[in-house]
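File shown: start-v9.cif. Contents: mmCIF, C-alpha atoms.
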```
data_structure
#
loop_
_atom_site.label_atom_id
_atom_site.label_comp_id
_atom_site.auth_asym_id
_atom_site.auth_seq_id
_atom_site.Cartn_x
_atom_site.Cartn_y
_atom_site.Cartn_z
CA MET A 14 -71.81 -9.34 -55.66
CA SER A 15 -73.93 -6.23 -56.01
CA SER A 16 -77.16 -7.67 -57.41
CA PRO A 17 -80.12 -7.83 -54.99
CA ALA A 18 -80.29 -11.61 -55.48
CA ALA A 19 -76.62 -12.04 -54.54
CA VAL A 20 -76.92 -9.71 -51.54
CA TYR A 21 -79.93 -11.59 -50.18
CA GLU A 22 -78.28 -14.98 -50.72
CA ALA A 23 -75.15 -13.79 -48.90
CA ILE A 24 -77.23 -12.55 -45.95
CA ARG A 25 -79.25 -15.77 -45.85
CA GLU A 26 -76.12 -17.90 -45.91
CA ALA A 27 -74.36 -15.83 -43.24
CA THR A 28 -77.30 -16.06 -40.83
CA SER A 29 -78.31 -19.65 -41.56
CA ASP A 30 -76.69 -21.09 -38.42
CA VAL A 31 -78.63 -18.70 -36.16
CA VAL A 32 -81.85 -18.01 -38.09
CA VAL A 33 -83.81 -21.22 -38.66
CA GLY A 34 -87.16 -21.38 -40.43
CA ASN A 35 -87.69 -17.64 -40.81
CA GLU A 36 -86.69 -17.10 -44.43
CA ALA A 37 -89.76 -14.95 -45.15
CA VAL A 38 -88.82 -12.59 -42.33
CA LEU A 39 -85.22 -12.43 -43.50
CA GLU A 40 -86.37 -11.66 -47.03
CA GLY A 41 -88.67 -8.94 -45.69
CA LEU A 42 -85.77 -7.35 -43.82
CA THR A 43 -83.71 -7.40 -47.01
CA ILE A 44 -86.57 -5.85 -48.99
CA ALA A 45 -86.84 -3.06 -46.42
CA LEU A 46 -83.07 -2.54 -46.40
CA LEU A 47 -82.97 -2.09 -50.18
CA THR A 48 -85.97 0.27 -50.24
CA ASP A 49 -85.37 2.48 -47.19
CA GLY A 50 -88.17 0.81 -45.26
CA HIS A 51 -88.80 -0.25 -41.67
CA VAL A 52 -90.09 -3.55 -40.31
CA LEU A 53 -92.31 -4.49 -37.38
CA LEU A 54 -91.87 -8.00 -35.97
CA GLU A 55 -94.58 -9.45 -33.77
CA GLY A 56 -94.46 -12.69 -31.85
CA VAL A 57 -94.68 -14.32 -28.47
CA PRO A 58 -91.59 -14.25 -26.21
CA GLY A 59 -88.77 -16.60 -27.10
CA VAL A 60 -89.23 -16.91 -30.87
CA ALA A 61 -85.96 -15.04 -31.63
CA LYS A 62 -87.36 -11.72 -32.90
CA THR A 63 -84.43 -9.72 -31.53
CA THR A 64 -81.93 -12.41 -32.50
CA ILE A 65 -83.09 -12.28 -36.12
CA ALA A 66 -82.66 -8.50 -36.22
CA ASN A 67 -79.25 -8.68 -34.54
CA ALA A 68 -78.03 -11.44 -36.87
CA PHE A 69 -79.26 -9.48 -39.88
CA SER A 70 -77.40 -6.35 -38.78
CA ARG A 71 -74.16 -8.28 -38.32
CA ALA A 72 -74.49 -9.90 -41.76
CA ILE A 73 -74.79 -6.50 -43.46
CA GLY A 74 -71.98 -4.97 -41.37
CA LEU A 75 -73.77 -1.75 -40.48
CA SER A 76 -73.76 0.03 -37.14
CA TYR A 77 -76.31 -1.45 -34.75
CA SER A 78 -78.06 -0.29 -31.62
CA ARG A 79 -80.78 -1.80 -29.46
CA ILE A 80 -83.33 0.18 -27.48
CA GLN A 81 -85.21 -1.69 -24.77
CA MET A 82 -88.47 0.20 -24.41
CA THR A 83 -89.93 0.69 -20.91
CA PRO A 84 -92.83 2.82 -19.63
CA ASP A 85 -90.51 5.26 -17.82
CA MET A 86 -88.49 6.19 -20.91
CA VAL A 87 -88.61 9.72 -22.32
CA PRO A 88 -87.98 10.85 -25.94
CA ALA A 89 -84.48 12.10 -25.06
CA ASP A 90 -83.50 8.54 -24.14
CA ILE A 91 -83.91 7.72 -27.83
CA SER A 92 -82.86 10.85 -29.69
CA GLY A 93 -80.28 12.25 -27.27
CA THR A 94 -79.88 15.62 -25.59
CA ASN A 95 -77.45 18.44 -24.88
CA VAL A 96 -75.51 17.84 -21.66
CA TYR A 97 -73.98 20.66 -19.64
CA GLN A 98 -70.24 20.32 -19.04
CA GLN A 99 -69.40 22.07 -15.78
CA GLY A 100 -65.69 22.24 -16.52
CA THR A 101 -66.08 24.20 -19.75
CA GLY A 102 -69.45 25.81 -19.13
CA GLU A 103 -70.70 24.49 -22.49
CA PHE A 104 -73.44 22.17 -23.64
CA ILE A 105 -72.26 19.08 -25.50
CA LEU A 106 -74.56 17.05 -27.72
CA ARG A 107 -74.87 13.46 -26.55
CA LYS A 108 -76.48 11.48 -29.34
CA GLY A 109 -78.96 8.77 -28.47
CA PRO A 110 -79.12 5.19 -29.76
CA ILE A 111 -81.24 6.26 -32.72
CA PHE A 112 -78.00 7.33 -34.42
CA ALA A 113 -77.17 3.97 -36.00
CA ASN A 114 -77.76 2.33 -39.36
CA LEU A 115 -80.00 -0.38 -37.94
CA VAL A 116 -81.95 0.34 -34.77
CA VAL A 117 -83.77 -2.47 -33.01
CA VAL A 118 -86.59 -1.11 -30.86
CA ASP A 119 -87.37 -4.00 -28.55
CA GLU A 120 -90.93 -4.24 -27.20
CA ILE A 121 -91.90 -0.94 -28.78
CA ASN A 122 -95.38 -1.06 -27.28
CA ARG A 123 -93.99 -0.90 -23.73
CA ALA A 124 -93.10 2.78 -24.19
CA THR A 125 -95.66 5.54 -23.79
CA PRO A 126 -97.09 7.21 -26.93
CA LYS A 127 -94.99 10.30 -26.14
CA THR A 128 -91.79 8.24 -26.25
CA GLN A 129 -92.94 6.29 -29.30
CA SER A 130 -93.41 9.59 -31.09
CA ALA A 131 -89.65 10.18 -30.90
CA LEU A 132 -89.36 7.63 -33.72
CA LEU A 133 -91.80 9.34 -36.11
CA GLU A 134 -89.45 11.95 -37.57
CA ALA A 135 -86.56 9.49 -37.71
CA MET A 136 -88.59 6.87 -39.60
CA GLU A 137 -90.12 9.33 -42.06
CA GLU A 138 -87.37 11.89 -42.65
CA SER A 139 -84.19 10.08 -41.49
CA THR A 140 -83.50 13.09 -39.30
CA VAL A 141 -83.72 13.90 -35.59
CA THR A 142 -84.45 17.32 -34.12
CA ILE A 143 -82.82 18.06 -30.77
CA GLU A 144 -83.58 21.44 -29.26
CA ARG A 145 -84.42 23.01 -32.63
CA GLU A 146 -81.33 21.55 -34.34
CA THR A 147 -82.07 19.01 -37.06
CA LEU A 148 -79.45 16.28 -37.47
CA ALA A 149 -79.18 13.71 -40.25
CA LEU A 150 -79.13 10.03 -39.34
CA PRO A 151 -76.57 7.58 -40.75
CA GLN A 152 -77.42 6.10 -44.14
CA PRO A 153 -78.79 3.61 -44.78
CA PHE A 154 -81.16 3.92 -41.83
CA MET A 155 -83.61 1.24 -40.78
CA VAL A 156 -85.80 0.58 -37.74
CA VAL A 157 -86.74 -2.97 -36.77
CA ALA A 158 -89.26 -2.96 -33.94
CA THR A 159 -90.57 -5.93 -31.99
CA GLN A 160 -93.73 -6.34 -29.97
CA ASN A 161 -95.43 -9.03 -27.93
CA PRO A 162 -99.10 -9.53 -28.92
CA ILE A 163 -100.25 -11.44 -25.85
CA GLU A 164 -99.44 -9.06 -22.99
CA MET A 165 -102.16 -6.59 -22.01
CA GLU A 166 -100.67 -4.89 -18.92
CA GLY A 167 -98.00 -2.22 -19.10
CA VAL A 168 -98.21 -1.83 -22.88
CA PHE A 169 -99.46 0.94 -25.15
CA GLU A 170 -100.91 0.08 -28.53
CA LEU A 171 -99.10 1.74 -31.40
CA PRO A 172 -101.11 4.64 -32.85
CA GLU A 173 -102.13 4.42 -36.50
CA ALA A 174 -99.59 7.06 -37.55
CA GLN A 175 -96.79 5.00 -36.00
CA ARG A 176 -97.89 1.71 -37.56
CA ASP A 177 -98.23 3.28 -40.98
CA ARG A 178 -94.56 4.19 -41.00
CA PHE A 179 -93.56 0.55 -40.95
CA GLN A 180 -93.27 -0.64 -44.53
CA LEU A 181 -93.79 -4.30 -43.58
CA LYS A 182 -94.99 -6.32 -40.63
CA TYR A 183 -94.21 -9.99 -40.07
CA THR A 184 -95.40 -12.43 -37.44
CA VAL A 185 -92.57 -14.58 -36.08
CA ASP A 186 -94.32 -17.83 -35.26
CA VAL A 187 -93.32 -20.69 -33.00
CA PRO A 188 -91.13 -22.89 -35.25
CA GLU A 189 -92.26 -26.12 -36.84
CA ARG A 190 -91.12 -29.27 -35.04
CA ALA A 191 -88.42 -30.03 -37.61
CA ASP A 192 -87.01 -26.49 -37.36
CA GLU A 193 -87.12 -26.61 -33.57
CA ARG A 194 -85.24 -29.92 -33.64
CA THR A 195 -82.58 -28.26 -35.78
CA VAL A 196 -82.29 -25.46 -33.21
CA LEU A 197 -82.11 -28.04 -30.43
CA ASP A 198 -79.26 -29.94 -32.12
CA ARG A 199 -77.28 -26.79 -32.87
CA PHE A 200 -77.47 -25.52 -29.31
CA ASP A 201 -76.62 -28.97 -28.02
CA GLU A 202 -73.41 -28.83 -30.05
CA THR A 203 -72.74 -25.11 -29.46
CA PRO A 204 -74.54 -23.86 -26.33
CA ALA A 205 -73.19 -20.32 -26.72
CA LEU A 206 -74.34 -19.96 -30.34
CA GLY A 207 -75.83 -16.51 -30.94
CA ALA A 208 -76.12 -13.55 -33.28
CA GLU A 209 -72.59 -12.45 -32.35
CA ASP A 210 -71.31 -15.49 -34.27
CA VAL A 211 -72.64 -14.08 -37.55
CA THR A 212 -69.93 -12.49 -39.69
CA GLN A 213 -70.28 -9.67 -42.18
CA ALA A 214 -71.30 -10.97 -45.61
CA VAL A 215 -71.81 -7.81 -47.68
CA GLU A 216 -70.19 -4.40 -47.93
CA THR A 217 -72.00 -1.07 -47.70
CA SER A 218 -71.14 -0.33 -51.33
CA GLU A 219 -72.79 -3.60 -52.38
CA ILE A 220 -75.94 -2.71 -50.47
CA GLN A 221 -76.06 0.65 -52.22
CA ALA A 222 -75.52 -0.94 -55.63
CA ALA A 223 -78.27 -3.47 -54.94
CA SER A 224 -80.59 -0.69 -53.81
CA ASP A 225 -79.89 1.20 -57.04
CA ALA A 226 -80.68 -1.94 -59.01
CA VAL A 227 -84.07 -2.19 -57.30
CA THR A 228 -85.04 1.29 -58.48
CA ASP A 229 -84.46 0.17 -62.07
CA VAL A 230 -86.94 -2.72 -61.85
CA PHE A 231 -89.79 -2.20 -64.32
CA VAL A 232 -93.43 -2.12 -63.21
CA ALA A 233 -95.92 -2.50 -66.05
CA ASP A 234 -99.15 -0.51 -66.07
CA PRO A 235 -101.35 -3.61 -65.44
CA VAL A 236 -99.37 -4.35 -62.27
CA LYS A 237 -99.70 -0.76 -61.07
CA GLU A 238 -103.44 -0.96 -61.63
CA TYR A 239 -103.48 -4.24 -59.71
CA ILE A 240 -101.81 -2.55 -56.74
CA LEU A 241 -104.31 0.30 -56.87
CA ASP A 242 -107.23 -2.15 -57.09
CA ILE A 243 -106.12 -4.04 -53.97
CA VAL A 244 -105.61 -0.91 -51.90
CA ALA A 245 -108.92 0.56 -53.11
CA GLU A 246 -110.70 -2.65 -52.17
CA THR A 247 -109.42 -2.36 -48.58
CA ARG A 248 -111.03 1.08 -48.38
CA SER A 249 -114.43 -0.21 -49.46
CA ALA A 250 -114.42 -3.65 -47.79
CA SER A 251 -117.38 -4.04 -45.44
CA ALA A 252 -115.22 -5.73 -42.80
CA LEU A 253 -112.76 -2.85 -42.62
CA ARG A 254 -113.34 0.50 -40.99
CA TYR A 255 -110.11 1.93 -42.33
CA GLY A 256 -108.22 0.68 -45.37
CA GLY A 257 -104.72 1.13 -46.74
CA SER A 258 -103.22 4.60 -47.00
CA PRO A 259 -101.30 6.00 -49.99
CA ARG A 260 -98.19 5.01 -48.05
CA ALA A 261 -99.40 1.41 -48.33
CA THR A 262 -99.64 1.84 -52.12
CA LEU A 263 -96.04 3.03 -52.24
CA ALA A 264 -94.97 0.17 -49.96
CA PHE A 265 -96.49 -2.27 -52.45
CA LEU A 266 -94.57 -0.62 -55.29
CA ALA A 267 -91.17 -0.50 -53.59
CA GLY A 268 -91.52 -3.91 -51.96
CA SER A 269 -92.65 -5.63 -55.16
CA LYS A 270 -89.70 -4.20 -57.07
CA ALA A 271 -87.27 -5.44 -54.40
CA ARG A 272 -88.88 -8.88 -54.29
CA ALA A 273 -88.63 -9.18 -58.07
CA ALA A 274 -84.97 -8.13 -58.02
CA ILE A 275 -84.15 -10.62 -55.26
CA ARG A 276 -85.55 -13.31 -57.56
CA GLY A 277 -83.36 -12.13 -60.44
CA ARG A 278 -86.09 -10.43 -62.46
CA SER A 279 -85.96 -6.96 -63.95
CA TYR A 280 -89.75 -6.58 -63.77
CA VAL A 281 -92.59 -7.10 -61.29
CA ILE A 282 -95.27 -9.74 -61.74
CA PRO A 283 -98.62 -10.01 -59.88
CA ASP A 284 -97.26 -12.76 -57.61
CA ASP A 285 -94.84 -10.21 -56.13
CA VAL A 286 -97.78 -8.02 -55.16
CA LYS A 287 -99.80 -10.93 -53.78
CA ALA A 288 -96.90 -12.14 -51.64
CA LEU A 289 -96.59 -8.74 -49.97
CA ALA A 290 -100.32 -8.14 -49.39
CA GLU A 291 -100.31 -9.32 -45.79
CA PRO A 292 -96.96 -7.75 -44.72
CA VAL A 293 -97.95 -4.42 -46.27
CA LEU A 294 -101.56 -4.26 -45.05
CA VAL A 295 -101.93 -6.30 -41.85
CA HIS A 296 -100.80 -3.49 -39.54
CA ARG A 297 -102.46 -0.69 -41.47
CA VAL A 298 -106.08 -1.71 -41.88
CA ILE A 299 -108.61 -1.56 -39.02
CA ARG A 300 -111.51 -3.96 -38.64
CA THR A 301 -115.09 -2.91 -38.07
CA THR A 302 -116.73 -3.74 -34.76
CA ASP A 303 -118.82 -6.42 -36.46
CA ALA A 304 -115.70 -8.08 -37.86
CA GLU A 305 -114.08 -8.07 -34.43
CA LEU A 306 -117.15 -9.55 -32.77
CA SER A 307 -117.32 -12.29 -35.39
CA ASP A 308 -113.64 -13.12 -34.75
CA ARG A 309 -112.58 -12.47 -38.33
CA THR A 310 -108.84 -11.92 -38.26
CA VAL A 311 -107.16 -9.17 -40.23
CA THR A 312 -105.22 -11.82 -42.14
CA GLU A 313 -108.45 -13.52 -43.23
CA ILE A 314 -109.94 -10.22 -44.36
CA ILE A 315 -106.85 -9.29 -46.35
CA GLN A 316 -106.86 -12.70 -48.04
CA ALA A 317 -110.52 -12.21 -48.97
CA VAL A 318 -109.70 -8.78 -50.39
CA VAL A 319 -106.87 -10.15 -52.53
CA ASP A 320 -109.01 -13.09 -53.69
CA GLY A 321 -111.71 -10.65 -54.73
CA VAL A 322 -109.44 -8.58 -56.96
CA SER A 323 -108.75 -9.95 -60.42
CA PRO A 324 -105.05 -9.96 -61.31
CA PRO A 325 -103.88 -8.89 -64.77
CA SER A 326 -104.74 -11.35 -67.50
CA ALA A 327 -102.32 -14.15 -68.27
CA ASP A 328 -101.49 -12.67 -71.68
CA ALA A 329 -100.44 -9.29 -70.22
CA SER A 330 -96.84 -8.27 -70.77
CA PHE A 331 -95.00 -7.51 -67.53
CA ALA A 332 -91.43 -7.18 -68.83
CA GLU A 333 -89.97 -4.09 -70.41
CA THR A 334 -89.99 -3.74 -74.14
CA ALA A 335 -86.74 -4.07 -76.03
CA GLU A 336 -86.59 -0.30 -76.43
CA ARG A 337 -86.74 0.31 -72.68
CA GLN A 338 -84.81 -2.73 -71.41
CA PRO A 339 -81.66 -1.70 -69.44
CA GLN A 340 -78.49 -2.86 -71.15
CA ALA A 341 -75.53 -4.57 -69.56
CA ALA A 342 -71.97 -3.60 -70.31
CA ASP A 343 -71.74 -6.20 -73.09
CA GLY A 344 -74.83 -4.80 -74.79
CA GLY A 345 -77.16 -7.62 -73.67
CA PRO A 346 -80.06 -7.40 -71.22
CA ALA A 347 -79.04 -6.44 -67.68
CA VAL A 348 -81.20 -9.24 -66.23
CA ASP A 349 -82.74 -12.29 -67.81
CA ASP A 350 -86.26 -11.12 -68.64
CA GLN A 351 -87.81 -14.42 -69.63
CA GLN A 352 -91.31 -14.05 -68.22
CA PRO A 353 -92.35 -17.05 -66.13
CA ASP A 354 -95.92 -18.27 -65.96
CA ILE A 355 -95.72 -18.69 -62.19
CA ASP A 356 -93.30 -17.14 -59.70
CA GLY A 357 -91.89 -19.86 -57.53
#
```
Starting from the file, lay out its structure as structure tokens.
Amino acid sequence: MSSPAAVYEAIREATSDVVVGNEAVLEGLTIALLTDGHVLLEGVPGVAKTTIANAFSRAIGLSYSRIQMTPDMVPADISGTNVYQQGTGEFILRKGPIFANLVVVDEINRATPKTQSALLEAMEESTVTIERETLALPQPFMVVATQNPIEMEGVFELPEAQRDRFQLKYTVDVPERADERTVLDRFDETPALGAEDVTQAVETSEIQAASDAVTDVFVADPVKEYILDIVAETRSASALRYGGSPRATLAFLAGSKARAAIRGRSYVIPDDVKALAEPVLVHRVIRTTDAELSDRTVTEIIQAVVDGVSPPSADASFAETAERQPQAADGGPAVDDQQPDIDG
């Protein structure tokens, strides 16, 4: 079970009792895991943002830590510091909670910008510098941050540089009535049900193998041009003051490859790019004042941008040619490359 599709299915199955109605978020977490990305989850209190992240970490069996952000925190509370030992007269490094495979930063916008900045190096370089000593973080390394969009007091909006380091952002909505009834029934039967009940479903070696498989996914030139067209359109859209950065372009590339692999394809199709447009762009682009005053949401603007960009023609070839198709051990194609008309 080392294919991306099998890894995702195992994670989904292992968390199904705890995570209800948030398959898109779970898929986004898997995409980020397989592409060395980070995820920002936004939602009102009580919609299980932290529970989803905790359940996900238990399903993949990696080390997990949770940081509850508060205004009085300092960077050393995250990265760690050298502590003086009076008995020996030496300084001993005490590592902070950032030294874990999956770090949940709860209510990230409650910390001051100075404290938030402690995450920048970790998220970009997978290293932490403590008193001029640079230390490597465990691999794989992934940050899942949560924030509450409705509180205005005691919070600090994430700076653009911080938001741009999140590969994907998802909104965790209040569940549909049917999903909430399912949650109600499960907790009626098992009141203590929680993320701690999720058991490990995949091994670290399987995650690495699945990640390697994602890098082999083929992206045809028309799809690359499609990605570039969408990002370029965000930079020229009249409703946006600031469009997607080159990091957004790379997030499209990596995320689309992972999404294709999760669906059992060895190549990316335009639907993969479309599906990731909002998660990749919604936290990166900035509206103009006119767009804000007219109450145009960022989601609406992104949808208009995508609708205004023509995808590759239907007769374009998205799969690899026979000469470049990866071969399985038996000499056949590594993945079924029958090109569908529509990605379900």
Residues of region 106-211 of chain A that approach region 306-321 of chain A to 12 Å or less, counting only C-alpha atoms: could you list each one with the shortest pair of atoms and its distance in Å to one decimal, rows by chain and increasing residue number, as CSV?
```
residue,atom,partner,partner_atom,distance
A:Lys182,CA,A:Thr312,CA,11.7
A:Tyr183,CA,A:Thr312,CA,11.4
A:Thr184,CA,A:Thr312,CA,10.9
```
At most 9 Å is the cut-off: for each residue in region 145-224 of chain A with any atom that close to an atom of region 117-138 of chain A, write down the nearest atom pair and the distance in Å rounded to one decimal, counting all atoms listed in the file, chain first then increasing number, as a Markdown table.
```
| residue | atom | partner | partner_atom | distance |
| --- | --- | --- | --- | --- |
| A:Ala149 | CA | A:Glu138 | CA | 8.7 |
| A:Leu150 | CA | A:Ala135 | CA | 7.6 |
| A:Phe154 | CA | A:Met136 | CA | 8.3 |
| A:Met155 | CA | A:Met136 | CA | 7.6 |
| A:Val156 | CA | A:Val117 | CA | 6.0 |
| A:Val157 | CA | A:Val117 | CA | 4.8 |
| A:Ala158 | CA | A:Val118 | CA | 4.5 |
| A:Thr159 | CA | A:Asp119 | CA | 5.1 |
| A:Gln160 | CA | A:Glu120 | CA | 4.5 |
| A:Asn161 | CA | A:Glu120 | CA | 6.6 |
| A:Gly167 | CA | A:Arg123 | CA | 6.3 |
| A:Val168 | CA | A:Arg123 | CA | 4.4 |
| A:Phe169 | CA | A:Asn122 | CA | 5.0 |
| A:Glu170 | CA | A:Asn122 | CA | 5.8 |
| A:Leu171 | CA | A:Asn122 | CA | 6.2 |
| A:Pro172 | CA | A:Pro126 | CA | 7.6 |
| A:Ala174 | CA | A:Leu133 | CA | 8.2 |
| A:Gln175 | CA | A:Leu133 | CA | 6.6 |
| A:Arg178 | CA | A:Met136 | CA | 6.7 |
| A:Phe179 | CA | A:Met136 | CA | 8.2 |
```
Spell out the residues picked by the PyMOL selection byres ((chain A and resi 71-79) around 9) here, as a PyMOL selection string. chain A and resi 20+23-25+27-28+63+66-70+80-81+110-119+151+153+208-217+220
In Å and to one decimal, CA of Ala233 (chain A) is distant from CA of Ala290 (chain A) by 18.1 Å
Got a sec to resolve the PyMOL selection byres ((chain A and resi 99-109) around 10) on this structure and send the residues as a PyMOL selection string? chain A and resi 78+80+88-98+110-113+141+143+148
Can you work out the spacing between CA of Gln221 (chain A) and CA of Val31 (chain A) in Å, to one decimal?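 Computing the Euclidean distance for CA of Gln221 (chain A) and CA of Val31 (chain A) yields 25.3 Å.
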Using Å and a single decimal, report how far CA of Gln152 (chain A) sits from CA of Phe231 (chain A). 25.1 Å
Could you check the closest approach to Ala271 (chain A) for each of A:Ala327, A:Val52, A:Ala332, A:Leu289 and tell me which residue wins, using all atoms listed in the file?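 Smallest distance to Ala271 (chain A) is found for A:Leu289.
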Chain and number of each residue from the PyMOL selection byres ((chain A and resi 269) around 8), as a ChimeraX atom specification: /A:265-268,270-273,281,285-286,289
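Distances to Ile243 (chain A) were evaluated for A:Val60, A:Val322, A:Ile163, A:Leu53 using all atoms listed in the file, and the minimum falls at A:Val322.
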Looking at all atoms listed in the file, which of A:Ile299, A:Val187, A:Val38, A:Leu181 is the one that sits closest to Arg260 (chain A)?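 Result for the nearest residue to Arg260 (chain A): A:Leu181.
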Using only C-alpha atoms, which residues sit within 9 Å of Val196 (chain A) once same-chain residues fewer than 5 positions away are excluded, as an MDAnalysis selection string? chainID A and resid 30:33 191 201
Around (-114.8, -3.0, -43.5), as given in the file, which residues come within 10 Å? Count all atoms listed in the file and list them as a short mmCIF file (atom, residue, chain, number, x, y, z; two decimals) with C-alpha atoms, keeping the file's coordinate frame.
```cif
data_model
loop_
_atom_site.label_atom_id
_atom_site.label_comp_id
_atom_site.auth_asym_id
_atom_site.auth_seq_id
_atom_site.Cartn_x
_atom_site.Cartn_y
_atom_site.Cartn_z
CA GLU A 246 -110.70 -2.65 -52.17
CA THR A 247 -109.42 -2.36 -48.58
CA ARG A 248 -111.03 1.08 -48.38
CA SER A 249 -114.43 -0.21 -49.46
CA ALA A 250 -114.42 -3.65 -47.79
CA SER A 251 -117.38 -4.04 -45.44
CA ALA A 252 -115.22 -5.73 -42.80
CA LEU A 253 -112.76 -2.85 -42.62
CA ARG A 254 -113.34 0.50 -40.99
CA TYR A 255 -110.11 1.93 -42.33
CA GLY A 256 -108.22 0.68 -45.37
CA VAL A 298 -106.08 -1.71 -41.88
CA ILE A 299 -108.61 -1.56 -39.02
CA ARG A 300 -111.51 -3.96 -38.64
CA THR A 301 -115.09 -2.91 -38.07
CA THR A 302 -116.73 -3.74 -34.76
CA ASP A 303 -118.82 -6.42 -36.46
CA ALA A 304 -115.70 -8.08 -37.86
CA ILE A 314 -109.94 -10.22 -44.36
#
```
